[in-house]
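See below for model.csv, which holds CSV, C-alpha atoms and all ligand atoms.
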```csv
chain,number,residue,atom,x,y,z
A,1,MET,CA,12.9,19.3,9.3
A,2,GLU,CA,11.4,16.9,6.8
A,3,GLU,CA,11.7,16.9,3.1
A,4,LYS,CA,8.3,15.4,2.3
A,5,GLY,CA,6.0,12.5,3.0
A,6,ILE,CA,7.0,8.9,2.4
A,7,LEU,CA,5.3,6.8,-0.2
A,8,ILE,CA,4.3,3.6,1.5
A,9,VAL,CA,3.3,0.5,-0.4
A,10,VAL,CA,1.3,-2.2,1.5
A,11,SER,CA,0.7,-5.6,0.0
A,12,GLY,CA,-0.3,-8.9,1.6
A,13,PHE,CA,-2.2,-12.1,1.2
A,14,SER,CA,-6.0,-11.9,0.8
A,15,GLY,CA,-7.0,-12.6,4.4
A,16,SER,CA,-3.9,-11.1,5.9
A,17,GLY,CA,-5.9,-8.2,7.5
A,18,LYS,CA,-3.9,-5.5,5.7
A,19,GLY,CA,-7.1,-3.4,5.0
A,20,THR,CA,-8.1,-3.4,8.6
A,21,ILE,CA,-4.6,-2.5,9.8
A,22,MET,CA,-4.5,0.5,7.4
A,23,LYS,CA,-8.0,1.7,8.5
A,24,GLU,CA,-6.9,1.6,12.1
A,25,LEU,CA,-3.7,3.4,11.4
A,26,LEU,CA,-5.6,6.2,9.6
A,27,LYS,CA,-8.1,6.4,12.5
A,28,LYS,CA,-5.4,6.6,15.1
A,29,TYR,CA,-2.8,8.9,13.5
A,30,GLU,CA,-3.2,12.0,11.5
A,31,ASN,CA,-0.2,12.1,9.2
A,32,TYR,CA,-1.4,9.4,6.8
A,33,ALA,CA,-3.3,9.6,3.6
A,34,LEU,CA,-4.8,6.5,1.9
A,35,SER,CA,-4.7,6.6,-1.9
A,36,ILE,CA,-7.9,5.5,-3.6
A,37,SER,CA,-7.3,3.4,-6.7
A,38,ALA,CA,-9.1,3.2,-10.0
A,39,THR,CA,-10.4,-0.2,-11.1
A,40,THR,CA,-12.5,-1.7,-13.8
A,41,ARG,CA,-13.9,-4.4,-11.5
A,42,ASN,CA,-17.6,-4.0,-10.6
A,43,PRO,CA,-18.4,-2.5,-7.2
A,44,ARG,CA,-19.2,-5.0,-4.4
A,45,VAL,CA,-22.3,-4.6,-2.3
A,46,GLY,CA,-21.7,-1.6,0.1
A,47,GLU,CA,-18.9,-0.1,-2.0
A,48,GLU,CA,-19.1,3.5,-3.2
A,49,ASN,CA,-17.5,5.2,-6.1
A,50,GLY,CA,-14.8,7.5,-4.8
A,51,ARG,CA,-14.7,5.8,-1.4
A,52,GLU,CA,-13.3,2.3,-1.9
A,53,TYR,CA,-12.4,2.8,-5.5
A,54,PHE,CA,-13.0,5.0,-8.5
A,55,PHE,CA,-14.9,2.6,-10.7
A,56,LYS,CA,-14.1,3.0,-14.4
A,57,SER,CA,-15.0,1.4,-17.7
A,58,VAL,CA,-12.1,-0.3,-19.5
A,59,GLU,CA,-12.2,2.5,-22.0
A,60,GLU,CA,-11.9,5.2,-19.3
A,61,PHE,CA,-9.1,3.3,-17.6
A,62,GLU,CA,-7.1,2.9,-20.8
A,63,LYS,CA,-7.5,6.7,-21.4
A,64,MET,CA,-6.0,7.3,-17.9
A,65,ILE,CA,-3.1,5.0,-18.9
A,66,ALA,CA,-2.6,6.9,-22.2
A,67,LYS,CA,-2.6,10.3,-20.4
A,68,ASP,CA,0.0,9.0,-17.8
A,69,GLU,CA,-2.5,9.7,-15.0
A,70,LEU,CA,-1.5,6.6,-13.1
A,71,ILE,CA,1.7,6.0,-11.1
A,72,GLU,CA,1.3,2.3,-11.7
A,73,TYR,CA,-1.3,-0.1,-12.8
A,74,ALA,CA,-1.7,-3.9,-13.1
A,75,LYS,CA,-4.1,-6.5,-14.2
A,76,TYR,CA,-5.4,-8.7,-11.4
A,77,VAL,CA,-7.9,-11.4,-12.0
A,78,ASP,CA,-8.9,-9.9,-15.4
A,79,ASN,CA,-9.4,-6.4,-14.1
A,80,TYR,CA,-7.3,-3.3,-14.2
A,81,TYR,CA,-6.3,-1.6,-11.0
A,82,GLY,CA,-4.2,1.6,-10.8
A,83,THR,CA,-3.0,4.4,-8.6
A,84,PRO,CA,-4.0,7.9,-9.7
A,85,ARG,CA,-1.0,10.2,-9.7
A,86,GLU,CA,-2.5,13.6,-8.7
A,87,TYR,CA,-3.7,12.8,-5.2
A,88,VAL,CA,-0.5,10.9,-4.3
A,89,GLU,CA,1.8,13.7,-5.4
A,90,GLU,CA,-0.3,16.4,-3.8
A,91,GLN,CA,-0.4,14.7,-0.4
A,92,MET,CA,3.3,13.9,-0.4
A,93,LYS,CA,4.1,17.5,-1.1
A,94,ALA,CA,1.9,18.5,1.8
A,95,GLY,CA,4.1,16.3,4.0
A,96,LYS,CA,1.6,13.4,4.4
A,97,ASP,CA,2.8,9.8,4.3
A,98,VAL,CA,0.7,8.2,1.5
A,99,ILE,CA,-0.3,4.6,1.7
A,100,LEU,CA,-1.0,2.5,-1.4
A,101,GLU,CA,-2.7,-0.8,-0.7
A,102,ILE,CA,-1.8,-2.6,-3.9
A,103,GLU,CA,-0.8,-6.1,-5.2
A,104,ILE,CA,2.8,-7.2,-5.9
A,105,GLN,CA,3.2,-6.3,-9.6
A,106,GLY,CA,2.2,-2.7,-8.8
A,107,ALA,CA,4.4,-2.7,-5.7
A,108,LEU,CA,7.4,-3.6,-7.8
A,109,LYS,CA,6.6,-1.0,-10.4
A,110,VAL,CA,6.4,1.6,-7.6
A,111,ARG,CA,9.8,0.5,-6.3
A,112,GLU,CA,11.3,1.0,-9.8
A,113,LYS,CA,9.8,4.5,-10.3
A,114,PHE,CA,10.2,5.6,-6.7
A,115,PRO,CA,13.3,3.9,-5.1
A,116,ASP,CA,12.6,5.8,-1.8
A,117,ALA,CA,9.2,4.1,-1.4
A,118,LEU,CA,8.8,1.9,1.7
A,119,LEU,CA,7.4,-1.5,0.9
A,120,LEU,CA,5.5,-3.5,3.6
A,121,PHE,CA,4.1,-7.0,3.3
A,122,VAL,CA,1.4,-8.1,5.7
A,123,THR,CA,1.1,-11.8,6.5
A,124,PRO,CA,-0.6,-14.0,9.1
A,125,PRO,CA,1.7,-16.0,11.3
A,126,SER,CA,1.4,-19.2,9.3
A,127,ALA,CA,-0.2,-20.7,6.2
A,128,GLN,CA,-2.6,-22.6,8.4
A,129,GLU,CA,-3.7,-19.4,10.1
A,130,LEU,CA,-4.3,-17.8,6.7
A,131,LYS,CA,-6.6,-20.7,5.6
A,132,LYS,CA,-8.4,-20.5,8.9
A,133,ARG,CA,-9.1,-16.8,8.5
A,134,LEU,CA,-10.4,-17.3,5.0
A,135,VAL,CA,-12.7,-20.1,6.1
A,136,ASN,CA,-13.9,-18.2,9.1
A,137,ARG,CA,-14.9,-15.2,7.0
A,138,GLY,CA,-17.7,-17.4,6.0
A,139,THR,CA,-18.4,-15.4,2.9
A,140,GLU,CA,-16.3,-17.4,0.5
A,141,THR,CA,-17.0,-20.8,-1.2
A,142,MET,CA,-14.4,-23.5,-0.9
A,143,ASP,CA,-13.5,-22.8,-4.6
A,144,VAL,CA,-12.7,-19.2,-3.8
A,145,ILE,CA,-10.7,-20.2,-0.7
A,146,GLU,CA,-8.6,-22.6,-2.8
A,147,PHE,CA,-8.1,-19.9,-5.4
A,148,ARG,CA,-6.9,-17.4,-2.8
A,149,MET,CA,-4.6,-20.0,-1.2
A,150,ASN,CA,-3.1,-20.7,-4.7
A,151,ARG,CA,-2.7,-17.0,-5.3
A,152,ALA,CA,-1.0,-16.7,-1.9
A,153,LYS,CA,1.5,-19.3,-3.1
A,154,GLU,CA,2.4,-17.1,-6.1
A,155,GLU,CA,2.5,-13.9,-4.0
A,156,ALA,CA,4.8,-15.5,-1.4
A,157,LEU,CA,7.4,-15.7,-4.1
A,158,GLY,CA,7.8,-11.9,-3.9
A,159,MET,CA,7.7,-11.5,-0.2
A,160,ASP,CA,11.5,-11.0,0.1
A,161,GLN,CA,11.4,-8.0,-2.2
A,162,TYR,CA,9.6,-6.0,0.5
A,163,ASP,CA,11.5,-3.9,3.1
A,164,TYR,CA,9.5,-5.2,6.1
A,165,LEU,CA,7.3,-8.1,6.9
A,166,ILE,CA,4.4,-7.3,9.2
A,167,ILE,CA,3.2,-10.4,10.9
A,168,ASN,CA,-0.4,-9.8,11.8
A,169,ASP,CA,-1.2,-11.7,15.0
A,170,ASP,CA,-2.7,-9.0,17.2
A,171,LEU,CA,-4.4,-6.1,15.3
A,172,GLN,CA,-3.5,-3.3,17.7
A,173,GLU,CA,0.1,-4.4,18.1
A,174,CYS,CA,0.4,-4.6,14.4
A,175,VAL,CA,-0.9,-1.1,13.9
A,176,GLU,CA,1.6,0.2,16.5
A,177,GLU,CA,4.4,-1.7,14.8
A,178,VAL,CA,3.6,-0.3,11.3
A,179,HIS,CA,3.5,3.2,12.8
A,180,ARG,CA,6.9,2.7,14.5
A,181,ILE,CA,8.5,1.4,11.4
A,182,ILE,CA,7.2,4.4,9.4
A,183,GLN,CA,8.4,6.8,12.1
A,184,GLY,CA,11.8,5.1,12.0
A,185,GLU,CA,11.9,5.5,8.2
A,186,HIS,CA,11.6,9.3,8.7
A,187,ARG,CA,14.8,9.3,10.6
A,188,ARG,CA,16.8,7.7,7.8
A,189,SER,CA,19.6,10.1,6.9
A,190,PHE,CA,18.9,9.8,3.1
A,191,ARG,CA,15.4,11.3,3.8
A,192,ASN,CA,16.9,14.2,5.7
A,193,TYR,CA,19.3,15.8,3.3
A,194,ALA,CA,17.8,19.3,3.9
A,195,PHE,CA,18.4,19.0,7.6
A,196,ILE,CA,21.9,17.7,7.1
A,197,GLU,CA,22.7,20.6,4.8
A,198,GLN,CA,21.3,23.1,7.2
A,199,MET,CA,23.3,21.7,10.1
A,200,LYS,CA,26.4,22.0,8.0
A,201,GLN,CA,25.7,25.6,7.1
A,202,GLU,CA,24.9,26.5,10.7
A,203,LEU,CA,28.1,24.9,12.0
A,204,LYS,CA,30.1,26.8,9.4
A,205,GLY,CA,28.9,30.0,11.1
A,206,GLU,CA,29.9,28.9,14.6
B,1,LIG,P1,-10.0,-6.2,-4.6
B,1,LIG,O1,-10.7,-6.5,-5.9
B,1,LIG,O2,-10.1,-7.4,-3.7
B,1,LIG,O3,-10.5,-4.9,-4.0
B,1,LIG,O4,-8.5,-6.0,-4.9
B,1,LIG,C1,-7.7,-7.0,-5.5
B,1,LIG,C2,-6.2,-6.7,-5.4
B,1,LIG,O5,-5.9,-5.5,-6.1
B,1,LIG,C3,-5.7,-6.5,-4.0
B,1,LIG,O6,-4.5,-7.2,-3.8
B,1,LIG,C4,-5.5,-5.0,-3.9
B,1,LIG,O7,-4.5,-4.6,-3.0
B,1,LIG,C5,-5.0,-4.7,-5.3
B,1,LIG,N1,-5.1,-3.3,-5.7
B,1,LIG,C6,-6.0,-2.4,-5.4
B,1,LIG,N2,-5.8,-1.2,-5.9
B,1,LIG,C7,-4.7,-1.4,-6.7
B,1,LIG,C8,-3.9,-0.5,-7.5
B,1,LIG,O8,-4.2,0.7,-7.6
B,1,LIG,N3,-2.8,-1.0,-8.2
B,1,LIG,C9,-2.5,-2.3,-8.0
B,1,LIG,N4,-1.4,-2.7,-8.7
B,1,LIG,N5,-3.2,-3.2,-7.3
B,1,LIG,C10,-4.3,-2.7,-6.6
```

Is it possible to give me this structure as C-alpha cells?
Amino acid sequence: MEEKGILIVVSGFSGSGKGTIMKELLKKYENYALSISATTRNPRVGEENGREYFFKSVEEFEKMIAKDELIEYAKYVDNYYGTPREYVEEQMKAGKDVILEIEIQGALKVREKFPDALLLFVTPPSAQELKKRLVNRGTETMDVIEFRMNRAKEEALGMDQYDYLIINDDLQECVEEVHRIIQGEHRRSFRNYAFIEQMKQELKGE
C-alpha cells in the first residue's frame, strides 16, 4: 500500500544528459509524470508552448507568483523559471512520481517546502568529459561553452545537498539506475506509514 507519489527533483550540469535520461525513463516506465515549467525565456527553435515549457511574459509570471500558483521559482540567466503547483499536486495524489527538472536554487526551495522530496544530481564522469560533451554538441560557441563550464563550477558547490549522484556514463544503465533508486525510495519506512499502521491493526486482531 502506498501513500502517494514521490516528488523527484533532478538537477545537473548543462551537458550532463539529464533531459535525455528523464525522457527515456518516461518512455520506459509508466508511473512517472514530468512537470512542465513556466518560464519567461523565449522559445528556442522547435519548442512548443505547453510541451517544453509554458512560455509567459514577465507580467504573467509575476501574477503566478502573487497568486501562489508556483511550488518554487528562480531566476536563471535573467529569466524566471517556475514549477506550476496544480499539475504536481494532482499527479502525486493520483500516485504518480512527479519529476521536476530544475536548477539548484529551485531544488533547494523544494527541499525546504517538501522535506520528503528525493533530490538527484546528474553529472558526467569527469569535468573533462563534461567539456567534451559540450564541445561535441557543436551547437555552441566557445563563449557559451566557457559560460556553461563556469556555471558548472558554481553548481558543483551544491552537489552534496542532493540525495544521490547519478553518474551518466552509459545512458541505458543510468536510466535503470534512476528507476531502481526511485523504487527503493518507495520502500523507505517513512513513506509507508499507512501500511505500517494497517499491519499493526491486523496483528492486534490475530
Ligand atoms: P533552459 O533555458 O536551458 O531550458 O533551462 C535553464 C535551467 O533552468 C535548467 O537548469 C533547467 O533545469 C532550469 N529550470 C527549468 N524549469 C525550471 C523551474 O521550473 N524551476 C527552476 N528553479 N529551474 C528550472

Would you mind listing the residues within 9 Å of ligand LIG 1 (chain B), counting only C-alpha atoms and all ligand atoms, as an MDAnalysis selection string? chainID A and resid 10:14 18:19 35:39 41:44 52:53 70:77 79:84 100:110

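Relative to CA of Thr123 (chain A), CA of Ala156 (chain A) is found at 9.5 Å.
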
Would you work out the distance separating CA of Ile99 (chain A) from CA of Val45 (chain A), expressed in Å to one decimal?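 Spanning CA of Ile99 (chain A) to CA of Val45 (chain A) is a straight-line distance of 24.2 Å.
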
Take the point (-13.9, -19.0, 5.0) as written in the file and pick out every residue within 12 Å of it, counting all atoms listed in the file; give the list as a VMD selection string. chain A and resid 14 to 15 129 to 149

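Using all atoms listed in the file for every distance, the candidate list A:Gln172, A:Asn192, A:Gln198, A:Ser126 yields A:Ser126 as the residue closest to Ser16 (chain A).
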
Pick out the closest residue to Glu89 (chain A) from this set: A:Ala33, A:Ile21, A:Leu165, A:Val178. Count only C-alpha atoms.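 Once distances to Glu89 (chain A) are computed over only C-alpha atoms, the minimum belongs to A:Ala33.
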
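The residue that comes closest to Gly17 (chain A), out of A:Gly184, A:Pro125, A:Gly158, A:Pro115 and on the basis of only C-alpha atoms, is A:Pro125.
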
Counting all atoms listed in the file, which of A:Tyr29, A:Ile6, A:Asn49, A:Asn168 gets nearest to Phe190 (chain A)? A:Ile6

Report, in Å to a single decimal, how far apart CA of Lys200 (chain A) and CA of Gln91 (chain A) are.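 Interatomic distance, CA of Gln91 (chain A) to CA of Lys200 (chain A): 29.0 Å.
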
Write out as a CSV table (one decimal) with C-alpha atoms, keeping the file's coordinate frame which residues come within 12 Å of Lys67 (chain A) when counting only C-alpha atoms, dropping same-chain ones fewer than 5 positions away.
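Final file, selection.csv:
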```
chain,number,residue,atom,x,y,z
A,60,GLU,CA,-11.9,5.2,-19.3
A,61,PHE,CA,-9.1,3.3,-17.6
A,62,GLU,CA,-7.1,2.9,-20.8
A,84,PRO,CA,-4.0,7.9,-9.7
A,85,ARG,CA,-1.0,10.2,-9.7
```

Tyr164 (chain A) environment, 9 Å, all atoms listed in the file, sequence neighbours closer than 6 positions dropped, as a CSV table (one decimal) with C-alpha atoms, in the coordinates of the input:
```
chain,number,residue,atom,x,y,z
A,118,LEU,CA,8.8,1.9,1.7
A,119,LEU,CA,7.4,-1.5,0.9
A,120,LEU,CA,5.5,-3.5,3.6
A,121,PHE,CA,4.1,-7.0,3.3
A,122,VAL,CA,1.4,-8.1,5.7
A,181,ILE,CA,8.5,1.4,11.4
```
